[in-house]
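Written below as structure tokens is the structure these notes are about.
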Amino acid sequence: DTKEMNAFIEENGVDLRPGVLELMAYLKEKNIATAITSSSPQERIRSHLSRHGLDVQFDCLCSGYEVPNGKPAPDIYLLGNFPIDRENEPPHPSSTMEIDPATYTLDDFRDEQICVIRTKKGLVVLSGCAHNGIMNILTTIEQRFPDEKIHAVFGGTHLVQSEAPRIQKTIDCINAKSMDFVGVCHCTGMAAIDQFRVQVPAFVDVGSGYIWQDS
């Protein structure tokens, strides 16, 4: 139980993962800020870190006891099992997978996953590549979270190989959902991103290293 676990940790400590000390030294050398967030109280966080001389290595320590809503808020979901919509958002013919040696078939991406975070302002959707079609995925999320607004979507939409009609259809669909922030990148492709920037009022530039702070 929890008491036995805590007693064991107090007696034996927590082992460091390989490479932690080297990573911390590298980050300090490069003047990269570091932080730890944990649902444990500050005293426990510092106790575990001090055993390895790491209690003074981090710029910020944040405990779940210091925020109004600790773990598991905000609620985070990993969704999959999206329908296959070959009519409106078919996979590109080049999207093949090998099922046997030298035998290929069109990949329908049944293993596609999407991260959804529930916030006070609505759902935030984080997509990887949206191989199943971002319209299909957003509609499925609305069905699985009835009466909840999609507040923002960030990530790839896999429109890089799509023709203008599909790009336009996707833009119209996203505008109809009245989201507050739309940050498409990665496999969306520059042609589609340029159209989003012009036609989507909620468009925001995103990319590797960007930080989004919802005020």
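How things are named: the first chain in the structure tokens is A, the next is B, and so on; residues count from 1 in each chain; ligands count from 1 in the order shown.
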
### Task
Identify, on the basis of only C-alpha atoms, every residue whose closest approach to segment 161-163 of chain A does not exceed 9 Å; exclude the query and any residue fewer than 2 positions from it along the same chain; express the result as a PyMOL selection string.
chain A and resi 92+158-159+165-168+187-189+192

Take the residues that were just selected and, keeping N, CA and C atoms, output them as an mmCIF file, in the first residue's frame.
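And here is the file that came out, result_17.cif:
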data_model
loop_
_atom_site.group_PDB
_atom_site.id
_atom_site.type_symbol
_atom_site.label_atom_id
_atom_site.label_comp_id
_atom_site.auth_asym_id
_atom_site.auth_seq_id
_atom_site.Cartn_x
_atom_site.Cartn_y
_atom_site.Cartn_z
ATOM 1 N N HIS A 92 -3.172 8.877 -49.006
ATOM 2 C CA HIS A 92 -2.488 9.082 -50.278
ATOM 3 C C HIS A 92 -1.994 7.735 -50.811
ATOM 4 N N HIS A 158 -1.542 16.329 -42.300
ATOM 5 C CA HIS A 158 -1.205 15.465 -43.431
ATOM 6 C C HIS A 158 -1.865 15.911 -44.735
ATOM 7 N N LEU A 159 -1.799 17.201 -44.965
ATOM 8 C CA LEU A 159 -2.331 17.754 -46.217
ATOM 9 C C LEU A 159 -1.223 18.051 -47.222
ATOM 10 N N PRO A 165 -8.830 21.238 -53.547
ATOM 11 C CA PRO A 165 -10.200 21.038 -53.053
ATOM 12 C C PRO A 165 -10.248 20.431 -51.646
ATOM 13 N N ARG A 166 -9.376 19.462 -51.380
ATOM 14 C CA ARG A 166 -9.387 18.857 -50.042
ATOM 15 C C ARG A 166 -8.875 19.844 -48.998
ATOM 16 N N ILE A 167 -7.870 20.611 -49.336
ATOM 17 C CA ILE A 167 -7.368 21.627 -48.406
ATOM 18 C C ILE A 167 -8.476 22.618 -48.075
ATOM 19 N N GLN A 168 -9.204 23.055 -49.089
ATOM 20 C CA GLN A 168 -10.283 24.022 -48.871
ATOM 21 C C GLN A 168 -11.392 23.412 -48.026
ATOM 22 N N CYS A 187 3.411 18.024 -41.239
ATOM 23 C CA CYS A 187 2.998 17.398 -42.499
ATOM 24 C C CYS A 187 1.804 18.102 -43.144
ATOM 25 N N THR A 188 1.387 19.218 -42.611
ATOM 26 C CA THR A 188 0.347 20.010 -43.272
ATOM 27 C C THR A 188 0.862 20.523 -44.614
ATOM 28 N N GLY A 189 2.141 20.842 -44.670
ATOM 29 C CA GLY A 189 2.736 21.348 -45.908
ATOM 30 C C GLY A 189 2.581 22.852 -46.018
ATOM 31 N N ALA A 192 -0.660 24.376 -47.815
ATOM 32 C CA ALA A 192 -1.864 24.362 -46.991
ATOM 33 C C ALA A 192 -1.742 25.337 -45.821
#

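Picture a line from atom CA of Ala202 of chain A to atom CA of Asp214 of chain A; it runs 13.2 Å.
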
### Task
Kindly indicate which residue among A:Val200, A:Ala176, A:Met135, A:Leu16 lies nearest to His48 of chain A, using only C-alpha atoms for the distances.
A:Leu16

### Task
Select from segment 101-193 of chain A everything DSSP, run on the backbone, classes as alpha helix (DSSP H), then give the selection as a list in words.
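These are the residues in question: Ile134, Met135, Asn136, Ile137, Leu138, Thr139, Thr140, Ile141, Glu142, Gln143, Arg144, Ala164, Pro165, Arg166, Ile167, Gln168, Lys169, Thr170, Ile171, Asp172, Cys173, Ile174, Asn175, Ala176, Met190, Ala191, Ala192 and Ile193 of chain A.
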
Those same residues, written as a JSON list (two decimals), in the first residue's frame with N, CA and C atoms?
[["chain", "number", "residue", "atom", "x", "y", "z"],
["A", 134, "ILE", "N", -7.90, 14.97, -40.57],
["A", 134, "ILE", "CA", -8.16, 15.82, -39.42],
["A", 134, "ILE", "C", -9.65, 16.13, -39.27],
["A", 135, "MET", "N", -10.38, 16.21, -40.37],
["A", 135, "MET", "CA", -11.84, 16.43, -40.27],
["A", 135, "MET", "C", -12.49, 15.25, -39.59],
["A", 136, "ASN", "N", -12.13, 14.07, -40.01],
["A", 136, "ASN", "CA", -12.65, 12.84, -39.43],
["A", 136, "ASN", "C", -12.31, 12.75, -37.95],
["A", 137, "ILE", "N", -11.08, 13.08, -37.62],
["A", 137, "ILE", "CA", -10.63, 12.99, -36.23],
["A", 137, "ILE", "C", -11.36, 13.99, -35.34],
["A", 138, "LEU", "N", -11.48, 15.23, -35.78],
["A", 138, "LEU", "CA", -12.16, 16.25, -34.97],
["A", 138, "LEU", "C", -13.64, 15.91, -34.79],
["A", 139, "THR", "N", -14.27, 15.41, -35.83],
["A", 139, "THR", "CA", -15.68, 15.01, -35.73],
["A", 139, "THR", "C", -15.84, 13.86, -34.74],
["A", 140, "THR", "N", -14.90, 12.91, -34.77],
["A", 140, "THR", "CA", -14.96, 11.79, -33.83],
["A", 140, "THR", "C", -14.77, 12.27, -32.40],
["A", 141, "ILE", "N", -13.88, 13.22, -32.19],
["A", 141, "ILE", "CA", -13.68, 13.77, -30.85],
["A", 141, "ILE", "C", -14.95, 14.43, -30.35],
["A", 142, "GLU", "N", -15.64, 15.17, -31.22],
["A", 142, "GLU", "CA", -16.90, 15.80, -30.82],
["A", 142, "GLU", "C", -17.93, 14.76, -30.42],
["A", 143, "GLN", "N", -17.92, 13.63, -31.09],
["A", 143, "GLN", "CA", -18.87, 12.56, -30.76],
["A", 143, "GLN", "C", -18.52, 11.90, -29.43],
["A", 144, "ARG", "N", -17.25, 11.81, -29.12],
["A", 144, "ARG", "CA", -16.82, 11.15, -27.89],
["A", 144, "ARG", "C", -16.85, 12.09, -26.70],
["A", 164, "ALA", "N", -5.91, 21.09, -53.91],
["A", 164, "ALA", "CA", -6.56, 22.29, -53.39],
["A", 164, "ALA", "C", -7.98, 22.05, -52.88],
["A", 165, "PRO", "N", -8.83, 21.24, -53.55],
["A", 165, "PRO", "CA", -10.20, 21.04, -53.05],
["A", 165, "PRO", "C", -10.25, 20.43, -51.65],
["A", 166, "ARG", "N", -9.38, 19.46, -51.38],
["A", 166, "ARG", "CA", -9.39, 18.86, -50.04],
["A", 166, "ARG", "C", -8.88, 19.84, -49.00],
["A", 167, "ILE", "N", -7.87, 20.61, -49.34],
["A", 167, "ILE", "CA", -7.37, 21.63, -48.41],
["A", 167, "ILE", "C", -8.48, 22.62, -48.07],
["A", 168, "GLN", "N", -9.20, 23.05, -49.09],
["A", 168, "GLN", "CA", -10.28, 24.02, -48.87],
["A", 168, "GLN", "C", -11.39, 23.41, -48.03],
["A", 169, "LYS", "N", -11.72, 22.16, -48.29],
["A", 169, "LYS", "CA", -12.77, 21.48, -47.52],
["A", 169, "LYS", "C", -12.37, 21.37, -46.05],
["A", 170, "THR", "N", -11.09, 21.11, -45.81],
["A", 170, "THR", "CA", -10.59, 21.01, -44.43],
["A", 170, "THR", "C", -10.67, 22.37, -43.74],
["A", 171, "ILE", "N", -10.28, 23.42, -44.43],
["A", 171, "ILE", "CA", -10.36, 24.77, -43.86],
["A", 171, "ILE", "C", -11.80, 25.13, -43.52],
["A", 172, "ASP", "N", -12.73, 24.84, -44.43],
["A", 172, "ASP", "CA", -14.14, 25.15, -44.18],
["A", 172, "ASP", "C", -14.66, 24.38, -42.97],
["A", 173, "CYS", "N", -14.26, 23.13, -42.85],
["A", 173, "CYS", "CA", -14.69, 22.31, -41.71],
["A", 173, "CYS", "C", -14.18, 22.88, -40.40],
["A", 174, "ILE", "N", -12.91, 23.25, -40.36],
["A", 174, "ILE", "CA", -12.31, 23.78, -39.14],
["A", 174, "ILE", "C", -12.92, 25.13, -38.77],
["A", 175, "ASN", "N", -13.15, 25.97, -39.76],
["A", 175, "ASN", "CA", -13.79, 27.26, -39.47],
["A", 175, "ASN", "C", -15.19, 27.08, -38.91],
["A", 176, "ALA", "N", -15.90, 26.06, -39.39],
["A", 176, "ALA", "CA", -17.27, 25.81, -38.92],
["A", 176, "ALA", "C", -17.31, 25.39, -37.46],
["A", 190, "MET", "N", 3.56, 23.50, -46.62],
["A", 190, "MET", "CA", 3.56, 24.96, -46.67],
["A", 190, "MET", "C", 2.41, 25.53, -47.49],
["A", 191, "ALA", "N", 2.02, 24.85, -48.57],
["A", 191, "ALA", "CA", 0.91, 25.35, -49.39],
["A", 191, "ALA", "C", -0.37, 25.43, -48.57],
["A", 192, "ALA", "N", -0.66, 24.38, -47.81],
["A", 192, "ALA", "CA", -1.86, 24.36, -46.99],
["A", 192, "ALA", "C", -1.74, 25.34, -45.82],
["A", 193, "ILE", "N", -0.56, 25.40, -45.20],
["A", 193, "ILE", "CA", -0.36, 26.32, -44.08],
["A", 193, "ILE", "C", -0.61, 27.76, -44.53]]

#### Entry: Using only C-alpha atoms: which of A:Gly19, A:Gly64, A:Gly13, A:Gly133 has the shortest distance to Arg86 of chain A
A:Gly133

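Pairwise distance (atom CA of Glu87 of chain A, atom CA of Val116 of chain A) equals 25.4 Å.
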
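The list of residues with at least one atom within 9 Å of Val204 of chain A, based on only C-alpha atoms and without residues fewer than 6 positions apart in the same chain, reads Phe181, Val182, Gly183, Val184 and Arg197 of chain A.
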
Expected file: the selected residues, N, CA, C and O atoms, as a compact mmCIF listing (two decimals), in the first residue's frame:
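Result file follows (result13.txt):
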# COMPACT_ATOMS: atom_id res chain seq x y z
N PHE A 181 -8.13 28.57 -31.34
CA PHE A 181 -6.74 28.53 -31.81
C PHE A 181 -6.57 27.34 -32.75
O PHE A 181 -6.99 26.23 -32.43
N VAL A 182 -5.95 27.60 -33.88
CA VAL A 182 -5.66 26.55 -34.85
C VAL A 182 -4.21 26.70 -35.28
O VAL A 182 -3.85 27.65 -35.98
N GLY A 183 -3.37 25.78 -34.83
CA GLY A 183 -1.96 25.83 -35.17
C GLY A 183 -1.57 24.58 -35.94
O GLY A 183 -1.32 23.54 -35.34
N VAL A 184 -1.55 24.67 -37.26
CA VAL A 184 -1.20 23.51 -38.08
C VAL A 184 0.25 23.62 -38.53
O VAL A 184 0.75 24.72 -38.78
N ARG A 197 -3.36 30.26 -42.93
CA ARG A 197 -2.98 31.58 -42.40
C ARG A 197 -3.89 32.68 -42.96
O ARG A 197 -4.25 33.62 -42.24

Skip Glu10 of chain A itself and residues of its chain fewer than 5 positions away, then list as a compact mmCIF listing (two decimals) with C-alpha atoms, in the first residue's frame all residues within 10 Å of it, counting only C-alpha atoms.
# COMPACT_ATOMS: atom_id res chain seq x y z
CA GLU A 4 4.68 0.61 2.68
CA MET A 5 5.78 2.22 -0.58
CA ARG A 44 9.40 14.74 -0.86
CA SER A 47 14.34 14.76 -0.41
CA HIS A 48 14.60 12.48 -3.42

### Message
Can you tell me, as an MDAnalysis selection string, which residues in segment 19-149 of chain A count as strand (DSSP E or B) by DSSP?
### Response
chainID A and resid 35:38 60:63 75:79 96:100 103:106 114:119 122:127

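Of the residues under consideration (A:Asn12, A:Ser178, A:Thr157, A:Ser208), A:Thr157 shows the shortest atom-to-atom contact distance to Glu89 of chain A when counting only C-alpha atoms.
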
Shell around segment 24-27 of chain A at 12 Å using only C-alpha atoms, local window under 3 positions removed, as a tab-separated table (two decimals) with all heavy atoms, in the first residue's frame:
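Saved as result32.tsv:
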chain	number	residue	atom	x	y	z
A	18	PRO	N	19.87	6.00	-15.98
A	18	PRO	CA	21.17	6.25	-16.61
A	18	PRO	C	21.16	7.52	-17.45
A	18	PRO	O	20.20	7.79	-18.18
A	18	PRO	CB	21.35	5.00	-17.51
A	18	PRO	CG	20.50	3.94	-16.89
A	18	PRO	CD	19.31	4.67	-16.31
A	19	GLY	N	22.20	8.31	-17.33
A	19	GLY	CA	22.34	9.49	-18.16
A	19	GLY	C	21.79	10.77	-17.56
A	19	GLY	O	21.98	11.85	-18.15
A	20	VAL	N	21.14	10.70	-16.38
A	20	VAL	CA	20.54	11.90	-15.79
A	20	VAL	C	21.60	12.93	-15.44
A	20	VAL	O	21.47	14.12	-15.76
A	20	VAL	CB	19.70	11.55	-14.55
A	20	VAL	CG1	19.31	12.82	-13.79
A	20	VAL	CG2	18.46	10.78	-14.94
A	21	LEU	N	22.67	12.51	-14.79
A	21	LEU	CA	23.70	13.46	-14.37
A	21	LEU	C	24.38	14.11	-15.58
A	21	LEU	O	24.65	15.31	-15.58
A	21	LEU	CB	24.73	12.76	-13.49
A	21	LEU	CG	24.20	12.21	-12.15
A	21	LEU	CD1	25.32	11.50	-11.40
A	21	LEU	CD2	23.62	13.34	-11.31
A	30	LYS	N	24.75	24.62	-21.39
A	30	LYS	CA	24.09	25.34	-22.47
A	30	LYS	C	23.15	26.43	-21.96
A	30	LYS	O	22.45	27.08	-22.74
A	30	LYS	CB	23.30	24.35	-23.34
A	30	LYS	CG	24.16	23.29	-24.01
A	30	LYS	CD	25.17	23.89	-24.97
A	30	LYS	CE	25.98	22.81	-25.68
A	30	LYS	NZ	26.97	23.39	-26.62
A	31	ASN	N	23.12	26.63	-20.64
A	31	ASN	CA	22.24	27.64	-20.03
A	31	ASN	C	20.77	27.42	-20.38
A	31	ASN	O	20.02	28.36	-20.66
A	31	ASN	CB	22.67	29.05	-20.44
A	31	ASN	CG	24.02	29.43	-19.87
A	31	ASN	OD1	24.31	29.15	-18.71
A	31	ASN	ND2	24.86	30.04	-20.68
A	32	ILE	N	20.36	26.15	-20.37
A	32	ILE	CA	18.97	25.79	-20.63
A	32	ILE	C	18.25	25.61	-19.30
A	32	ILE	O	18.69	24.85	-18.44
A	32	ILE	CB	18.89	24.50	-21.47
A	32	ILE	CG1	19.57	24.71	-22.82
A	32	ILE	CG2	17.43	24.06	-21.66
A	32	ILE	CD1	19.65	23.46	-23.67
A	33	ALA	N	17.15	26.34	-19.11
A	33	ALA	CA	16.40	26.28	-17.86
A	33	ALA	C	15.80	24.88	-17.67
A	33	ALA	O	15.40	24.22	-18.63
A	33	ALA	CB	15.31	27.33	-17.85
A	34	THR	N	15.71	24.45	-16.42
A	34	THR	CA	15.16	23.13	-16.11
A	34	THR	C	14.12	23.25	-14.99
A	34	THR	O	14.19	24.14	-14.15
A	34	THR	CB	16.27	22.16	-15.66
A	34	THR	OG1	16.97	22.73	-14.54
A	34	THR	CG2	17.25	21.89	-16.80
A	35	ALA	N	13.17	22.34	-15.01
A	35	ALA	CA	12.12	22.34	-14.00
A	35	ALA	C	11.62	20.93	-13.77
A	35	ALA	O	11.74	20.06	-14.64
A	35	ALA	CB	10.96	23.24	-14.43
A	52	HIS	N	20.85	12.61	-4.49
A	52	HIS	CA	21.74	12.51	-5.64
A	52	HIS	C	22.41	13.86	-5.95
A	52	HIS	O	23.00	14.03	-7.01
A	52	HIS	CB	20.97	12.03	-6.87
A	52	HIS	CG	20.28	10.72	-6.67
A	52	HIS	ND1	20.96	9.52	-6.66
A	52	HIS	CD2	18.97	10.42	-6.43
A	52	HIS	CE1	20.10	8.53	-6.46
A	52	HIS	NE2	18.90	9.05	-6.31
A	53	GLY	N	22.29	14.81	-5.00
A	53	GLY	CA	22.91	16.11	-5.21
A	53	GLY	C	22.23	16.94	-6.29
A	53	GLY	O	22.84	17.84	-6.86
A	54	LEU	N	20.98	16.67	-6.54
A	54	LEU	CA	20.26	17.37	-7.59
A	54	LEU	C	19.27	18.41	-7.08
A	54	LEU	O	18.60	19.07	-7.87
A	54	LEU	CB	19.49	16.36	-8.46
A	54	LEU	CG	20.33	15.41	-9.31
A	54	LEU	CD1	19.45	14.37	-9.97
A	54	LEU	CD2	21.11	16.19	-10.37
A	55	ASP	N	19.19	18.58	-5.77
A	55	ASP	CA	18.18	19.48	-5.22
A	55	ASP	C	18.42	20.93	-5.58
A	55	ASP	O	17.51	21.75	-5.53
A	55	ASP	CB	18.08	19.32	-3.70
A	55	ASP	CG	19.44	19.43	-3.01
A	55	ASP	OD1	20.40	18.86	-3.55
A	55	ASP	OD2	19.51	20.07	-1.95
A	56	VAL	N	19.65	21.29	-5.94
A	56	VAL	CA	19.94	22.68	-6.31
A	56	VAL	C	20.20	22.82	-7.81
A	56	VAL	O	20.61	23.89	-8.27
A	56	VAL	CB	21.17	23.21	-5.52
A	56	VAL	CG1	20.85	23.29	-4.04
A	56	VAL	CG2	22.39	22.35	-5.78
A	57	GLN	N	19.95	21.78	-8.56
A	57	GLN	CA	20.26	21.79	-9.98
A	57	GLN	C	19.13	22.35	-10.85
A	57	GLN	O	19.35	22.77	-11.98
A	57	GLN	CB	20.58	20.36	-10.46
A	57	GLN	CG	21.83	19.77	-9.83
A	57	GLN	CD	23.08	20.49	-10.27
A	57	GLN	OE1	23.24	20.84	-11.44
A	57	GLN	NE2	23.98	20.75	-9.33
A	58	PHE	N	17.91	22.37	-10.32
A	58	PHE	CA	16.76	22.77	-11.12
A	58	PHE	C	16.37	24.22	-10.82
A	58	PHE	O	16.45	24.69	-9.68
A	58	PHE	CB	15.57	21.85	-10.85
A	58	PHE	CG	15.76	20.47	-11.39
A	58	PHE	CD1	16.36	19.48	-10.63
A	58	PHE	CD2	15.36	20.16	-12.69
A	58	PHE	CE1	16.54	18.20	-11.13
A	58	PHE	CE2	15.53	18.89	-13.21
A	58	PHE	CZ	16.14	17.90	-12.43
A	59	ASP	N	15.94	24.91	-11.87
A	59	ASP	CA	15.53	26.31	-11.72
A	59	ASP	C	14.17	26.44	-11.05
A	59	ASP	O	13.87	27.46	-10.43
A	59	ASP	CB	15.48	26.98	-13.10
A	59	ASP	CG	16.85	26.99	-13.77
A	59	ASP	OD1	17.72	27.74	-13.31
A	59	ASP	OD2	17.04	26.24	-14.74

### Message
Report, in Å to a single decimal, how far apart atom CA of Glu22 of chain A and atom CA of Arg46 of chain A are.
### Response
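These two atoms are separated by 19.6 Å.
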
### Query
Nearest to Gln113 of chain A among A:Pro91, A:Pro101, A:Pro68, A:Gly80, with distances taken over only C-alpha atoms: which residue is it?
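Closest to Gln113 of chain A of all the choices is A:Gly80.
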
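Shortest separation to Cys60 of chain A among A:Asp194, A:Leu106, A:Ser38, A:Leu23 occurs at residue A:Ser38, atoms counted being only C-alpha atoms.
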